[in-house]
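Student: Let me begin by handing over the structure; questions about it come next.
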Amino acid sequence: MRRIEWRHLDGTTLVLPPALSKSKHARRLPLEGELAEIIGRAWKRRRLDQPRIFHRNGRPIGDFRKRWQQACVVVGLGQSIEDSNEPQTKPKWKIRKKYRGLTVHDL
């Protein structure tokens with residue numbers, strides 16, 4: 001979703017080039033229902049200086065996984081664990097943490 005641009009939209013069809021498709025084959029996705037409404041709302045507030053459909057104030061949107069993991073930790077469905085490969089000499093705030101818990105693919 002982060003890399004889809006207005007040029008990929010052909011009327012009511014989203015045309016994904018091979019580079020954006022998981023299978024590396026071009027895909028034509030008809031837009032209908034809620035997805036068509038979402039694209040319609042984005043069209044109404046599109047910015048001419050931003051080629052991407054989904055952005056935040058003209059800047060590319062980030063990866064949702066970070067927020068997903070934070071939410072799972074808060075509600076007890078995951079843990080943030082210190083990376084055991086990190087040198088112990090680093091200050092605590094610099095040590096990278098790994099996430100263990102519920103993922104989107106578990107749903």
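Following the order of the structure tokens, chains are lettered A, B, ..., residues in each are numbered from 1, and ligands are numbered from 1.
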Just want the 7 Å neighbourhood of region 31-46 of chain A, counted on only C-alpha atoms, with same-chain residues fewer than 5 positions away dropped. Output as a list in words.
Tutor: Thr12, Thr13, Leu14 and Ile53 of chain A
Student: As a list in words, please: every residue in chain A that DSSP puts in alpha helix (DSSP H).
Tutor: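 So the alpha helix (DSSP H) residues in chain A would be Gly33, Glu34, Leu35, Ala36, Glu37, Ile38, Ile39, Gly40, Arg41, Ala42, Trp43, Lys44, Arg65, Lys66, Arg67, Trp68, Gln69, Gln70, Ala71, Cys72, Val73 and Val74 of chain A.
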Student: Report the distance between CA of Gly101 (chain A) and CA of Leu77 (chain A) in Å, rounded to one decimal place.
Tutor: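 A separation of 5.9 Å between them.
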Student: Where in chain A does DSSP assign strand (DSSP E or B), given as a ChimeraX atom specification?
Tutor: /A:5,9-10,13-16,27-30,52,55-56,59-60,78-82,97-101
Student: Keeping N, CA and C atoms for every residue in the selection just given, could you write it to a file as a compact mmCIF listing (two decimals), in the first residue's frame?
Tutor:
# COMPACT_ATOMS: atom_id res chain seq x y z
N GLU A 5 0.71 4.26 -6.40
CA GLU A 5 0.62 5.65 -6.86
C GLU A 5 -0.63 5.86 -7.71
N LEU A 9 -3.76 3.75 -11.00
CA LEU A 9 -5.22 3.72 -11.02
C LEU A 9 -5.73 3.94 -12.44
N ASP A 10 -6.56 3.01 -12.91
CA ASP A 10 -7.15 3.10 -14.24
C ASP A 10 -8.67 3.05 -14.07
N THR A 13 -10.14 0.50 -11.58
CA THR A 13 -9.25 -0.66 -11.49
C THR A 13 -7.87 -0.21 -11.05
N LEU A 14 -7.31 -0.94 -10.12
CA LEU A 14 -5.94 -0.69 -9.69
C LEU A 14 -5.05 -1.65 -10.47
N VAL A 15 -4.10 -1.10 -11.21
CA VAL A 15 -3.20 -1.91 -12.03
C VAL A 15 -1.84 -1.95 -11.34
N LEU A 16 -1.54 -3.09 -10.72
CA LEU A 16 -0.27 -3.24 -10.03
C LEU A 16 0.79 -3.75 -10.99
N ARG A 27 -0.97 -7.29 -11.90
CA ARG A 27 -2.31 -7.62 -11.42
C ARG A 27 -3.26 -6.48 -11.71
N ARG A 28 -4.49 -6.82 -12.04
CA ARG A 28 -5.56 -5.84 -12.22
C ARG A 28 -6.59 -6.12 -11.14
N LEU A 29 -6.78 -5.16 -10.25
CA LEU A 29 -7.70 -5.34 -9.13
C LEU A 29 -8.88 -4.38 -9.27
N PRO A 30 -10.07 -4.90 -9.52
CA PRO A 30 -11.24 -4.02 -9.59
C PRO A 30 -11.53 -3.44 -8.21
N ARG A 52 1.97 9.29 -4.45
CA ARG A 52 1.42 8.13 -3.75
C ARG A 52 -0.02 8.38 -3.30
N HIS A 55 -0.46 8.51 2.02
CA HIS A 55 0.65 9.26 2.60
C HIS A 55 0.12 10.00 3.82
N ARG A 56 1.01 10.55 4.59
CA ARG A 56 0.63 11.35 5.75
C ARG A 56 1.24 12.72 5.58
N ARG A 59 4.14 12.93 3.25
CA ARG A 59 5.28 12.04 3.52
C ARG A 59 4.80 10.60 3.43
N PRO A 60 5.63 9.70 2.93
CA PRO A 60 5.22 8.29 2.83
C PRO A 60 4.81 7.73 4.19
N GLY A 78 1.92 -9.83 23.40
CA GLY A 78 3.29 -9.89 22.90
C GLY A 78 4.24 -9.35 23.95
N GLN A 79 5.53 -9.55 23.69
CA GLN A 79 6.57 -9.06 24.58
C GLN A 79 7.67 -8.41 23.76
N SER A 80 8.30 -7.42 24.36
CA SER A 80 9.47 -6.78 23.77
C SER A 80 10.67 -7.29 24.56
N ILE A 81 11.51 -8.10 23.91
CA ILE A 81 12.61 -8.78 24.58
C ILE A 81 13.94 -8.22 24.11
N GLU A 82 14.85 -7.98 25.06
CA GLU A 82 16.18 -7.48 24.70
C GLU A 82 16.89 -8.49 23.81
N LYS A 97 15.54 -4.25 20.80
CA LYS A 97 14.64 -5.26 21.35
C LYS A 97 13.98 -6.00 20.20
N LYS A 98 13.66 -7.26 20.46
CA LYS A 98 12.95 -8.08 19.49
C LYS A 98 11.53 -8.28 20.00
N TYR A 99 10.62 -8.39 19.07
CA TYR A 99 9.22 -8.61 19.42
C TYR A 99 8.91 -10.10 19.33
N ARG A 100 8.23 -10.61 20.32
CA ARG A 100 7.72 -11.98 20.32
C ARG A 100 6.25 -11.90 20.69
N GLY A 101 5.40 -12.41 19.81
CA GLY A 101 3.98 -12.39 20.12
C GLY A 101 3.12 -12.51 18.89
Student: Within 7 Å of Phe54 (chain A), counting only C-alpha atoms, which residues qualify if same-chain residues fewer than 5 places away don't, as a ChimeraX atom specification?
Tutor: /A:1-2,61
Student: What is the CA of Val74 (chain A)-CA of Leu107 (chain A) distance in Å, reported with one decimal?
Tutor: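 Atom-to-atom, CA of Val74 (chain A) and CA of Leu107 (chain A) are spaced 17.9 Å apart.
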Student: Find, counting only C-alpha atoms, the residue in A:Pro91, A:Val73, A:Trp68, A:Ile4 that gets nearest to His105 (chain A).
Tutor: A:Trp68
Student: So, counting only C-alpha atoms, which residue among A:Ala26, A:Thr89, A:Arg3, A:Pro17 is closest to Asp63 (chain A)?
Tutor: A:Arg3
Student: Distance CA of Gln69 (chain A)-CA of Pro18 (chain A), one decimal place?
Tutor: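 Interatomic distance, CA of Gln69 (chain A) to CA of Pro18 (chain A): 29.6 Å.
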